[in-house]
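A.B. asks: Below is the file coords.pdb, with PDB, C-alpha atoms.
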```pdb
ATOM      1  CA  MET A   5     100.502  71.964  70.187  1.00  0.00           C
ATOM      2  CA  ARG A   6     102.574  68.813  69.732  1.00  0.00           C
ATOM      3  CA  LEU A   7     103.066  66.363  72.559  1.00  0.00           C
ATOM      4  CA  SER A   8     106.171  64.226  72.218  1.00  0.00           C
ATOM      5  CA  THR A   9     108.994  62.637  74.179  1.00  0.00           C
ATOM      6  CA  LYS A  10     110.956  65.868  73.884  1.00  0.00           C
ATOM      7  CA  GLY A  11     108.211  67.753  75.732  1.00  0.00           C
ATOM      8  CA  ARG A  12     107.927  65.033  78.365  1.00  0.00           C
ATOM      9  CA  PHE A  13     111.698  65.070  78.971  1.00  0.00           C
ATOM     10  CA  ALA A  14     111.694  68.879  79.172  1.00  0.00           C
ATOM     11  CA  VAL A  15     108.957  68.888  81.824  1.00  0.00           C
ATOM     12  CA  THR A  16     110.787  66.167  83.791  1.00  0.00           C
ATOM     13  CA  ALA A  17     114.076  68.079  83.647  1.00  0.00           C
ATOM     14  CA  MET A  18     112.406  71.320  84.718  1.00  0.00           C
ATOM     15  CA  ILE A  19     110.833  69.553  87.723  1.00  0.00           C
ATOM     16  CA  ASP A  20     114.311  68.242  88.595  1.00  0.00           C
ATOM     17  CA  VAL A  21     115.781  71.774  88.435  1.00  0.00           C
ATOM     18  CA  ALA A  22     112.916  73.215  90.491  1.00  0.00           C
ATOM     19  CA  LEU A  23     113.317  70.554  93.197  1.00  0.00           C
ATOM     20  CA  ARG A  24     117.044  71.267  93.599  1.00  0.00           C
ATOM     21  CA  GLU A  25     117.220  74.980  92.824  1.00  0.00           C
ATOM     22  CA  LYS A  26     117.672  76.036  96.464  1.00  0.00           C
ATOM     23  CA  LEU A  27     120.942  74.071  96.553  1.00  0.00           C
ATOM     24  CA  GLY A  28     122.399  76.233  93.769  1.00  0.00           C
ATOM     25  CA  PRO A  29     122.705  75.822  90.000  1.00  0.00           C
ATOM     26  CA  VAL A  30     121.860  72.302  88.819  1.00  0.00           C
ATOM     27  CA  PRO A  31     124.371  70.769  86.357  1.00  0.00           C
ATOM     28  CA  LEU A  32     122.926  69.019  83.308  1.00  0.00           C
ATOM     29  CA  SER A  33     125.179  66.016  83.980  1.00  0.00           C
ATOM     30  CA  ASP A  34     123.388  65.492  87.317  1.00  0.00           C
ATOM     31  CA  ILE A  35     119.974  65.704  85.635  1.00  0.00           C
ATOM     32  CA  ALA A  36     121.116  63.277  82.937  1.00  0.00           C
ATOM     33  CA  ALA A  37     122.254  60.763  85.569  1.00  0.00           C
ATOM     34  CA  ARG A  38     119.101  61.028  87.704  1.00  0.00           C
ATOM     35  CA  GLN A  39     116.573  61.009  84.854  1.00  0.00           C
ATOM     36  CA  GLN A  40     118.429  58.735  82.377  1.00  0.00           C
ATOM     37  CA  ILE A  41     118.302  61.353  79.617  1.00  0.00           C
ATOM     38  CA  SER A  42     121.175  61.843  77.186  1.00  0.00           C
ATOM     39  CA  LEU A  43     123.388  64.799  78.110  1.00  0.00           C
ATOM     40  CA  SER A  44     123.545  66.055  74.510  1.00  0.00           C
ATOM     41  CA  TYR A  45     119.735  65.860  74.280  1.00  0.00           C
ATOM     42  CA  LEU A  46     119.444  67.884  77.502  1.00  0.00           C
ATOM     43  CA  GLU A  47     121.899  70.466  76.152  1.00  0.00           C
ATOM     44  CA  GLN A  48     119.707  70.981  73.083  1.00  0.00           C
ATOM     45  CA  MET A  49     116.543  71.288  75.181  1.00  0.00           C
ATOM     46  CA  PHE A  50     118.083  73.661  77.716  1.00  0.00           C
ATOM     47  CA  SER A  51     119.394  75.849  74.928  1.00  0.00           C
ATOM     48  CA  LYS A  52     115.783  76.372  73.811  1.00  0.00           C
ATOM     49  CA  LEU A  53     114.545  76.787  77.388  1.00  0.00           C
ATOM     50  CA  ARG A  54     117.275  79.394  78.009  1.00  0.00           C
ATOM     51  CA  SER A  55     116.392  81.330  74.848  1.00  0.00           C
ATOM     52  CA  GLU A  56     112.765  81.479  76.067  1.00  0.00           C
ATOM     53  CA  GLY A  57     113.929  82.771  79.467  1.00  0.00           C
ATOM     54  CA  LEU A  58     112.637  79.764  81.410  1.00  0.00           C
ATOM     55  CA  VAL A  59     116.110  78.915  82.767  1.00  0.00           C
ATOM     56  CA  ILE A  60     119.291  80.858  83.470  1.00  0.00           C
ATOM     57  CA  SER A  61     122.716  79.298  82.999  1.00  0.00           C
ATOM     58  CA  THR A  62     125.716  79.761  85.275  1.00  0.00           C
ATOM     59  CA  ARG A  63     129.158  78.932  83.913  1.00  0.00           C
ATOM     60  CA  GLY A  64     132.240  77.665  85.657  1.00  0.00           C
ATOM     61  CA  PRO A  65     132.835  75.410  88.653  1.00  0.00           C
ATOM     62  CA  GLY A  66     129.606  74.918  90.550  1.00  0.00           C
ATOM     63  CA  GLY A  67     127.661  76.114  87.504  1.00  0.00           C
ATOM     64  CA  GLY A  68     124.486  74.762  86.007  1.00  0.00           C
ATOM     65  CA  TYR A  69     120.913  75.929  85.512  1.00  0.00           C
ATOM     66  CA  THR A  70     118.409  77.745  87.689  1.00  0.00           C
ATOM     67  CA  LEU A  71     114.845  78.761  86.913  1.00  0.00           C
ATOM     68  CA  GLY A  72     114.322  82.028  85.060  1.00  0.00           C
ATOM     69  CA  HIS A  73     110.978  82.696  86.814  1.00  0.00           C
ATOM     70  CA  ARG A  74     109.202  81.601  89.978  1.00  0.00           C
ATOM     71  CA  THR A  75     107.752  78.078  89.832  1.00  0.00           C
ATOM     72  CA  ASP A  76     104.198  79.397  89.958  1.00  0.00           C
ATOM     73  CA  ALA A  77     104.865  81.576  86.885  1.00  0.00           C
ATOM     74  CA  ILE A  78     106.042  78.699  84.646  1.00  0.00           C
ATOM     75  CA  THR A  79     103.398  76.441  83.117  1.00  0.00           C
ATOM     76  CA  VAL A  80     103.647  73.107  81.347  1.00  0.00           C
ATOM     77  CA  ALA A  81     102.455  74.865  78.184  1.00  0.00           C
ATOM     78  CA  ASP A  82     105.397  77.304  78.442  1.00  0.00           C
ATOM     79  CA  ILE A  83     107.888  74.448  78.731  1.00  0.00           C
ATOM     80  CA  ILE A  84     106.455  72.381  75.887  1.00  0.00           C
ATOM     81  CA  SER A  85     106.059  75.415  73.607  1.00  0.00           C
ATOM     82  CA  ALA A  86     109.722  76.288  74.190  1.00  0.00           C
ATOM     83  CA  VAL A  87     111.146  72.908  73.183  1.00  0.00           C
ATOM     84  CA  GLU A  88     108.734  71.662  70.533  1.00  0.00           C
ATOM     85  CA  ASP A  89     109.290  72.685  66.962  1.00  0.00           C
ATOM     86  CA  ALA A  90     106.419  74.668  65.473  1.00  0.00           C
ATOM     87  CA  LEU A  91     104.194  72.766  63.105  1.00  0.00           C
ATOM     88  CA  PRO A  92     104.764  73.696  59.475  1.00  0.00           C
ATOM     89  CA  LYS A  93     102.060  75.828  57.900  1.00  0.00           C
ATOM     90  CA  VAL A  94     100.044  73.930  55.336  1.00  0.00           C
ATOM     91  CA  LYS A  95      98.733  75.774  52.327  1.00  0.00           C
ATOM     92  CA  LYS A  96      94.962  75.307  52.135  1.00  0.00           C
ATOM     93  CA  THR A  97      94.043  73.546  48.918  1.00  0.00           C
ATOM     94  CA  ASP A  98      90.916  71.659  47.930  1.00  0.00           C
ATOM     95  CA  GLU A  99      92.713  68.341  48.561  1.00  0.00           C
ATOM     96  CA  VAL A 100      93.775  69.346  52.080  1.00  0.00           C
ATOM     97  CA  LEU A 101      90.295  70.627  52.912  1.00  0.00           C
ATOM     98  CA  ALA A 102      88.708  67.415  51.661  1.00  0.00           C
ATOM     99  CA  GLN A 103      91.150  65.262  53.688  1.00  0.00           C
ATOM    100  CA  ASP A 104      90.744  67.278  56.871  1.00  0.00           C
ATOM    101  CA  MET A 105      86.976  67.648  57.168  1.00  0.00           C
ATOM    102  CA  ALA A 106      87.216  67.185  60.945  1.00  0.00           C
ATOM    103  CA  GLN A 107      89.717  70.025  61.378  1.00  0.00           C
ATOM    104  CA  ASP A 108      87.334  71.943  63.662  1.00  0.00           C
ATOM    105  CA  LEU A 109      87.266  68.939  65.991  1.00  0.00           C
ATOM    106  CA  TRP A 110      91.079  68.746  66.122  1.00  0.00           C
ATOM    107  CA  ASP A 111      91.399  72.511  66.620  1.00  0.00           C
ATOM    108  CA  SER A 112      88.901  72.388  69.496  1.00  0.00           C
ATOM    109  CA  MET A 113      90.684  69.450  71.115  1.00  0.00           C
ATOM    110  CA  ASN A 114      94.051  71.174  70.718  1.00  0.00           C
ATOM    111  CA  ALA A 115      92.677  74.310  72.400  1.00  0.00           C
ATOM    112  CA  LYS A 116      91.363  72.262  75.354  1.00  0.00           C
ATOM    113  CA  VAL A 117      94.711  70.469  75.784  1.00  0.00           C
ATOM    114  CA  TYR A 118      96.541  73.803  75.622  1.00  0.00           C
ATOM    115  CA  ASP A 119      94.176  75.342  78.224  1.00  0.00           C
ATOM    116  CA  PHE A 120      94.780  72.380  80.534  1.00  0.00           C
ATOM    117  CA  MET A 121      98.578  72.611  80.169  1.00  0.00           C
ATOM    118  CA  GLN A 122      98.353  76.363  80.757  1.00  0.00           C
ATOM    119  CA  SER A 123      96.592  75.663  84.079  1.00  0.00           C
ATOM    120  CA  VAL A 124      99.300  73.299  85.388  1.00  0.00           C
ATOM    121  CA  THR A 125     102.214  75.181  86.963  1.00  0.00           C
ATOM    122  CA  LEU A 126     105.701  73.929  87.676  1.00  0.00           C
ATOM    123  CA  ARG A 127     105.037  74.657  91.348  1.00  0.00           C
ATOM    124  CA  SER A 128     102.084  72.247  91.419  1.00  0.00           C
ATOM    125  CA  LEU A 129     104.208  69.526  89.812  1.00  0.00           C
ATOM    126  CA  VAL A 130     107.016  70.067  92.358  1.00  0.00           C
ATOM    127  CA  LEU A 131     104.579  69.946  95.278  1.00  0.00           C
ATOM    128  CA  GLU A 132     103.095  66.757  93.839  1.00  0.00           C
ATOM    129  CA  GLN A 133     106.559  65.146  93.689  1.00  0.00           C
ATOM    130  CA  LEU A 134     107.354  66.207  97.262  1.00  0.00           C
ATOM    131  CA  ALA A 135     104.008  64.777  98.422  1.00  0.00           C
ATOM    132  CA  LYS A 136     104.942  61.474  96.784  1.00  0.00           C
ATOM    133  CA  GLY A 137     108.095  61.413  98.920  1.00  0.00           C
ATOM    134  CA  VAL A 138     110.780  62.380  96.407  1.00  0.00           C
ATOM    135  CA  LYS A 139     114.009  62.979  98.336  1.00  0.00           C
ATOM    136  CA  VAL A 140     116.246  65.873  97.374  1.00  0.00           C
ATOM    137  CA  GLU A 141     119.810  64.933  98.308  1.00  0.00           C
ATOM    138  CA  GLN A 142     121.955  67.557  99.982  1.00  0.00           C
ATOM    139  CA  LYS A 143     125.131  68.131  98.022  1.00  0.00           C
ATOM    140  CA  PRO A 144     128.290  69.510  99.638  1.00  0.00           C
ATOM    141  CA  ALA A 145     129.254  72.979  98.468  1.00  0.00           C
ATOM    142  CA  PRO A 146     131.811  72.845  95.653  1.00  0.00           C
ATOM    143  CA  ASN A 147     135.389  73.864  96.414  1.00  0.00           C
ATOM    144  CA  ARG A 148     135.394  77.170  94.529  1.00  0.00           C
ATOM    145  CA  GLY A 149     138.573  78.888  95.796  1.00  0.00           C
ATOM    146  CA  VAL A 150     141.493  79.028  93.383  1.00  0.00           C
ATOM    147  CA  PHE A 151     144.153  78.627  96.078  1.00  0.00           C
ATOM    148  CA  LYS A 152     142.093  76.580  98.468  1.00  0.00           C
ATOM    149  CA  LYS A 153     143.505  73.081  98.939  1.00  0.00           C
ATOM    150  CA  PRO A 154     141.897  70.252 100.831  1.00  0.00           C
ATOM    151  CA  ALA A 155     143.201  69.950 104.402  1.00  0.00           C
ATOM    152  CA  GLN A 156     145.783  67.193 104.742  1.00  0.00           C
ATOM    153  CA  PRO A 157     145.651  65.121 107.905  1.00  0.00           C
ATOM    154  CA  MET A 158     148.744  65.446 110.156  1.00  0.00           C
ATOM    155  CA  VAL A 159     150.903  62.316 110.042  1.00  0.00           C
ATOM    156  CA  ARG A 160     153.229  61.551 112.971  1.00  0.00           C
ATOM    157  CA  THR A 161     155.918  58.906 112.773  1.00  0.00           C
ATOM    158  CA  ASN A 162     158.365  57.580 115.319  1.00  0.00           C
ATOM    159  CA  ALA A 163     161.038  56.978 112.680  1.00  0.00           C
ATOM    160  CA  PRO A 164     164.182  59.128 112.621  1.00  0.00           C
ATOM    161  CA  ASN A 165     164.017  61.986 110.147  1.00  0.00           C
ATOM    162  CA  SER A 166     167.640  61.836 108.944  1.00  0.00           C
ATOM    163  CA  VAL A 167     170.635  59.538 108.568  1.00  0.00           C
ATOM    164  CA  PHE A 168     172.311  61.206 111.539  1.00  0.00           C
ATOM    165  CA  ALA A 169     169.254  60.685 113.769  1.00  0.00           C
ATOM    166  CA  LEU A 170     169.158  57.049 112.654  1.00  0.00           C
ATOM    167  CA  GLY A 171     172.830  56.637 113.578  1.00  0.00           C
ATOM    168  CA  GLN A 172     172.279  58.197 117.000  1.00  0.00           C
ATOM    169  CA  SER A 173     169.277  55.961 117.677  1.00  0.00           C
ATOM    170  CA  LEU A 174     171.299  52.872 116.713  1.00  0.00           C
ATOM    171  CA  LEU A 175     174.224  53.973 118.986  1.00  0.00           C
ATOM    172  CA  ALA A 176     171.813  54.585 121.848  1.00  0.00           C
ATOM    173  CA  ARG A 177     170.423  51.048 121.566  1.00  0.00           C
ATOM    174  CA  GLY A 178     173.979  49.764 121.861  1.00  0.00           C
TER     175      GLY A 178
END
```
Please go through the file and, once you have read it, give me the structure as structure tokens.
C.D. replies:
Amino acid sequence: MRLSTKGRFAVTAMIDVALREKLGPVPLSDIAARQQISLSYLEQMFSKLRSEGLVISTRGPGGGYTLGHRTDAITVADIISAVEDALPKVKKTDEVLAQDMAQDLWDSMNAKVYDFMQSVTLRSLVLEQLAKGVKVEQKPAPNRGVFKKPAQPMVRTNAPNSVFALGQSLLARG
């Protein structure tokens, strides 16, 4: 399993989605702004996360991403495996075997790292963030109605509403 910036950003973005999921779908632009991650980079990562079923996308106004499973069913290993490219298979030759005499050590270490990441759930990471005092801002519900317009405040004036009313007010003043 490879550990890179891509995996780190994916885990961070998934924590962000999990923290705000109860408020509705989380737009990638909001994640990009909060986490300082490029929007196009997030789009690529979430495409892979969506194809693995870890997130579900909602289109249209008020759209974004929600989790595809419960937070206790998603592990760090699932997230990293979804976004990291698989390592290319190397054909075993005498040169490769001679260069990689410690391969058993690396395989064992890789298995231990994978087991650890498999034991860490998204839920535990979210609870850890909440314990640290991360605030989840309440966002007003988006205006989703097609014909719904914002309410305009009533404006009252004391000015005459026509030329004739203006003339009458001037005649009344004398």
A.B. asks: CA of Leu23 in chain A and CA of Lys116 in chain A are how many Å apart?
C.D. replies: 28.3 Å
A.B. asks: Have a look at A:Leu53, A:Met105, A:Val167, A:Ala81 and name the one nearest to Met18 in chain A; count only C-alpha atoms.
C.D. replies: A:Leu53
A.B. asks: Which neighbours of range 36-43 of chain A fall inside 10 Å, counting all atoms listed in the file, when residues of the same chain fewer than 6 positions from it are skipped, and could you give them as JSON, numbers by chain?
C.D. replies: {"A": [13, 16, 17, 20, 49]}
A.B. asks: Taking into account only C-alpha atoms, which residue in the set A:Val21, A:Leu32, A:Val80, A:Leu175 is nearest to Ser128 in chain A?
C.D. replies: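 Closest candidate: A:Val80.
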A.B. asks: In terms of the shortest atom-to-atom distance over all atoms listed in the file, which of A:Val30, A:Ile78, A:Ala14, A:Ile60 is closest to Leu126 in chain A?
C.D. replies: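 So, comparing all the options, the nearest one is A:Ile78.
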A.B. asks: Could you tell me how far CA of Val138 in chain A lies from CA of Leu46 in chain A, in Å and to one decimal?
C.D. replies: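 Distance between the two atoms: 21.5 Å.
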A.B. asks: Enter the distance from CA of Ser8 in chain A to CA of Ala86 in chain A, in Å, rounded to one decimal.
C.D. replies: 12.7 Å
A.B. asks: Starting from the PyMOL selection byres ((chain A and resi 123) around 12), expand the selection into actual residues of this file and give them as a ChimeraX atom specification.
C.D. replies: /A:76-82,116-122,124-129
A.B. asks: Looking at only C-alpha atoms, which of A:Ile19, A:Leu109, A:Ile84, A:Ile35 is the one that sits closest to Leu71 in chain A?
C.D. replies: A:Ile19
A.B. asks: From the set A:Asn162, A:Ser112, A:Ser85, A:Gln107, which residue has the shortest atom-to-atom contact distance to Leu7 in chain A, counting only C-alpha atoms?
C.D. replies: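 Ranked by minimum distance to Leu7 in chain A, first place goes to A:Ser85.
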A.B. asks: Of the candidates A:Glu25, A:Glu132, A:Glu88, A:Glu141, which shows the shortest atom-to-atom distance to Gly67 in chain A, using all atoms listed in the file?
C.D. replies: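 Closest to Gly67 in chain A of all the choices is A:Glu25.
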A.B. asks: Could you spell out the hits of the PyMOL selection byres ((chain A and resi 70) around 9) on the shown file, as an MDAnalysis selection string?
C.D. replies: chainID A and resid 21:22 24:26 28:30 58:62 68:69 71:73
A.B. asks: Got time to write the residues from that selection, C-alpha atoms, as a short mmCIF file (atom, residue, chain, number, x, y, z; two decimals), in the frame of the given file?
C.D. replies:
```cif
data_model
loop_
_atom_site.label_atom_id
_atom_site.label_comp_id
_atom_site.auth_asym_id
_atom_site.auth_seq_id
_atom_site.Cartn_x
_atom_site.Cartn_y
_atom_site.Cartn_z
CA VAL A 21 115.78 71.77 88.44
CA ALA A 22 112.92 73.22 90.49
CA ARG A 24 117.04 71.27 93.60
CA GLU A 25 117.22 74.98 92.82
CA LYS A 26 117.67 76.04 96.46
CA GLY A 28 122.40 76.23 93.77
CA PRO A 29 122.70 75.82 90.00
CA VAL A 30 121.86 72.30 88.82
CA LEU A 58 112.64 79.76 81.41
CA VAL A 59 116.11 78.92 82.77
CA ILE A 60 119.29 80.86 83.47
CA SER A 61 122.72 79.30 83.00
CA THR A 62 125.72 79.76 85.28
CA GLY A 68 124.49 74.76 86.01
CA TYR A 69 120.91 75.93 85.51
CA LEU A 71 114.84 78.76 86.91
CA GLY A 72 114.32 82.03 85.06
CA HIS A 73 110.98 82.70 86.81
#
```
